[in-house]
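**Student:** So here's run.cif (mmCIF, C-alpha atoms).
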data_data
loop_
_atom_site.label_atom_id
_atom_site.label_comp_id
_atom_site.auth_asym_id
_atom_site.auth_seq_id
_atom_site.Cartn_x
_atom_site.Cartn_y
_atom_site.Cartn_z
CA MET A 152 89.60 140.74 29.44
CA SER A 153 91.88 142.92 31.55
CA ARG A 154 91.07 144.01 35.06
CA THR A 155 91.66 147.52 36.30
CA ASP A 156 94.66 147.65 38.62
CA ASN A 157 93.13 149.77 41.38
CA LEU A 158 96.13 149.26 43.60
CA GLY A 159 98.41 150.48 40.82
CA ILE A 160 96.23 153.57 40.47
CA ALA A 161 96.39 154.23 44.23
CA LEU A 162 100.17 153.82 44.15
CA ARG A 163 100.45 156.33 41.32
CA VAL A 164 98.32 158.84 43.25
CA PHE A 165 100.52 158.46 46.34
CA ALA A 166 103.60 158.73 44.12
CA ALA A 167 102.34 161.94 42.54
CA ILE A 168 101.64 163.50 45.95
CA ASN A 169 105.10 162.53 47.22
CA LEU A 170 106.75 163.76 44.02
CA LEU A 171 105.01 167.13 44.04
CA ASN A 172 105.79 167.64 47.73
CA GLY A 173 109.43 166.66 47.21
CA ILE A 174 109.91 168.88 44.18
CA TRP A 175 108.38 171.82 46.05
CA MET A 176 110.73 171.18 49.00
CA LEU A 177 113.76 170.99 46.70
CA ALA A 178 112.84 173.99 44.57
CA SER A 179 111.59 176.36 47.25
CA PRO A 180 112.34 175.33 50.83
CA ASN A 181 111.20 178.71 52.14
CA GLY A 182 108.00 178.62 50.07
CA TRP A 183 107.26 175.06 51.22
CA PHE A 184 108.04 175.79 54.90
CA TYR A 185 105.70 178.76 55.10
CA GLY A 186 103.25 177.78 52.34
CA ILE A 187 102.20 174.22 53.11
CA PRO A 188 99.07 174.25 55.30
CA ALA A 189 100.65 172.14 58.04
CA ALA A 190 101.92 174.72 60.55
CA VAL A 191 105.49 173.57 59.91
CA PRO A 192 106.95 176.68 61.61
CA ASP A 193 105.59 175.27 64.90
CA THR A 194 108.41 172.67 64.69
CA GLY A 195 111.21 175.24 64.85
CA PRO A 196 113.10 177.64 62.59
CA LEU A 197 113.52 177.08 58.86
CA ASN A 198 116.59 175.09 57.86
CA GLU A 199 116.63 175.18 54.04
CA HIS A 200 119.27 172.45 53.76
CA PHE A 201 117.19 170.10 55.94
CA VAL A 202 114.02 170.83 53.95
CA ARG A 203 115.90 169.95 50.74
CA ASP A 204 117.24 166.75 52.33
CA VAL A 205 113.71 165.67 53.21
CA GLY A 206 112.53 166.76 49.76
CA GLY A 207 115.01 164.28 48.30
CA THR A 208 113.46 161.60 50.49
CA TYR A 209 109.99 162.39 49.15
CA VAL A 210 111.20 162.24 45.53
CA THR A 211 112.90 158.90 46.26
CA MET A 212 109.70 157.54 47.82
CA ALA A 213 107.72 158.70 44.78
CA LEU A 214 110.04 156.73 42.50
CA ALA A 215 109.67 153.63 44.68
CA LEU A 216 105.88 153.94 44.58
CA LEU A 217 105.89 154.37 40.80
CA TRP A 218 108.08 151.29 40.51
CA ALA A 219 105.65 149.40 42.76
CA ALA A 220 102.75 150.54 40.57
CA GLU A 221 104.45 149.00 37.53
CA ARG A 222 105.82 145.80 39.11
CA ARG A 223 103.28 143.83 41.13
CA ALA A 224 105.93 141.38 42.32
CA LEU A 225 107.85 144.23 43.98
CA ARG A 226 104.92 146.00 45.62
CA VAL A 227 105.24 144.53 49.09
CA PRO A 228 108.94 145.33 49.60
CA LEU A 229 108.79 148.75 47.94
CA VAL A 230 105.68 149.89 49.79
CA THR A 231 107.14 148.54 53.04
CA ILE A 232 110.25 150.68 52.61
CA VAL A 233 108.19 153.80 51.91
CA LEU A 234 105.90 152.99 54.82
CA VAL A 235 108.86 152.82 57.22
CA PHE A 236 109.52 156.52 56.62
CA HIS A 237 105.86 157.42 57.00
CA VAL A 238 105.49 155.47 60.26
CA LEU A 239 108.64 157.04 61.72
CA HIS A 240 107.49 160.48 60.54
CA ALA A 241 104.03 160.02 62.08
CA GLY A 242 105.61 158.65 65.25
CA ALA A 243 107.80 161.74 65.60
CA HIS A 244 104.74 163.96 65.24
CA MET A 245 102.83 161.91 67.81
CA VAL A 246 105.70 162.03 70.32
CA ASP A 247 106.21 165.77 69.86
CA THR A 248 102.50 166.46 70.30
CA LEU A 249 102.16 164.20 73.34
CA ALA A 250 105.28 165.76 74.90
CA GLY A 251 103.89 169.26 74.40
CA ARG A 252 106.54 170.31 71.86
CA LEU A 253 103.72 170.84 69.38
CA PRO A 254 100.33 172.28 70.31
CA MET A 255 97.45 169.84 70.69
CA SER A 256 95.94 171.39 67.56
CA HIS A 257 98.55 169.42 65.61
CA TRP A 258 96.50 166.24 65.93
CA ALA A 259 94.09 167.80 63.44
CA VAL A 260 96.70 169.85 61.54
CA ASP A 261 98.88 166.78 60.96
CA PHE A 262 96.06 164.38 60.10
CA PRO A 263 95.80 165.08 56.34
CA GLY A 264 99.51 165.27 55.58
CA VAL A 265 101.08 162.93 58.13
CA TYR A 266 98.61 160.42 59.60
CA LEU A 267 96.28 159.90 56.64
CA PRO A 268 99.06 159.00 54.16
CA THR A 269 100.47 156.56 56.73
CA ILE A 270 97.08 154.91 57.17
CA GLY A 271 96.58 154.82 53.39
CA LEU A 272 99.94 153.14 52.83
CA VAL A 273 99.20 150.58 55.55
CA LEU A 274 95.97 149.70 53.73
CA ILE A 275 97.81 149.54 50.38
CA LEU A 276 100.42 147.24 51.92
CA VAL A 277 97.74 144.94 53.35
CA VAL A 278 96.03 144.66 49.95
CA ALA A 279 99.35 144.17 48.14
CA ALA A 280 100.36 141.43 50.58
CA ARG A 281 97.03 139.64 50.12
CA GLN A 282 97.34 139.86 46.34
CA SER A 283 100.90 138.58 46.52
CA ARG A 284 99.90 135.59 48.67
CA ARG A 285 96.96 134.86 46.38
CA ALA A 286 99.24 134.94 43.32
CA ASP A 287 101.71 132.65 45.06
CA VAL A 288 98.96 130.17 45.98
CA LEU A 289 97.53 130.20 42.47
CA GLY A 290 100.97 130.08 40.88
CA HIS A 291 100.43 133.27 38.87
CA ASP A 292 103.24 135.39 37.52
CA ARG A 293 103.19 138.64 39.52
CA SER A 294 105.45 140.73 37.30
#
Starting from the file, give its structure as structure tokens.
**Tutor:**
Amino acid sequence: MSRTDNLGIALRVFAAINLLNGIWMLASPNGWFYGIPAAVPDTGPLNEHFVRDVGGTYVTMALALLWAAERRALRVPLVTIVLVFHVLHAGAHMVDTLAGRLPMSHWAVDFPGVYLPTIGLVLILVVAARQSRRADVLGHDRS
């Protein structure tokens, strides 16, 4: 009897979102900058090179999350690495909003695309860490 790997499914969903966002950023920086419903122009003028750089980061994170979905033993370190970016990204948005560089409306604007993914990855990391400890205690192979 095999159990459904709900955490693996969640990791694949996060990977797909990161991959689609990254591909869009790489393929059409201008389209992404003005088309994503996140009021990105509030952060300053479009820099296509920078958008592509960050797009590469999102594609890289997607690959790490897919790898974590496939390899239970690597979930904690891979998700931790991806989470570092998301925490720093969310922190930058928080600081800019608190400092008045972004309008207060950005708390709500940024919630679905910045804060919610960060919260989701924190929860995934907590579950992955618990599963990893449980497997270690029980002596199970986590591959």
**Student:** A:Ala220, A:Ala190, A:Leu249, A:Val164: which is nearest A:Ala279, counting all atoms listed in the file?
**Tutor:**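 Looking only at the distances to A:Ala279, the closest residue turns out to be A:Ala220.
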**Student:** Looking at all atoms listed in the file, which of A:Gly186, A:Gly173, A:Gly251, A:Gly271 is the one that sits closest to A:Leu214?
**Tutor:**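 Once distances to A:Leu214 are computed over all atoms listed in the file, the minimum belongs to A:Gly173.
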**Student:** Using only C-alpha atoms, determine which residues lie at most 9 Å from A:Ala219, disregarding the query and same-chain residues fewer than 6 positions distant; provide the list as a compact mmCIF listing (two decimals) with C-alpha atoms, in the coordinates of the input.
**Tutor:**
# COMPACT_ATOMS: atom_id res chain seq x y z
CA GLY A 159 98.41 150.48 40.82
CA LEU A 162 100.17 153.82 44.15
CA ARG A 163 100.45 156.33 41.32
CA LEU A 225 107.85 144.23 43.98
CA ARG A 226 104.92 146.00 45.62
CA VAL A 227 105.24 144.53 49.09
CA PRO A 228 108.94 145.33 49.60
CA LEU A 229 108.79 148.75 47.94
CA VAL A 230 105.68 149.89 49.79
**Student:** When you look at A:Asn169 with a cut-off of 7 Å (counting only C-alpha atoms), what residues show up, excluding the ones that are within fewer than 4 positions of it in the same chain? I need them as an MDAnalysis selection string.
**Tutor:** chainID A and resid 165 173 209:210 212:213
**Student:** Mind pulling up the distance from atom CA of A:Val235 to atom CA of A:Val277?
**Tutor:** 14.2 Å
**Student:** Provide the atom CA of A:Ile275 to atom CA of A:Val246 distance in Å, to one decimal place.
**Tutor:**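 Between atom CA of A:Ile275 and atom CA of A:Val246 the gap is 24.8 Å.
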**Student:** The PyMOL selection byres ((chain A and resi 252-268) around 9) on the file shown: which residues, as an MDAnalysis selection string?
**Tutor:** chainID A and resid 165 188:190 193:194 237:238 240:241 244:251 269:273
**Student:** Here is a test: counting all atoms listed in the file, which residue of A:Val205, A:Val288, A:Leu217, A:Ala178 is nearest to A:Ala166?
**Tutor:** A:Leu217
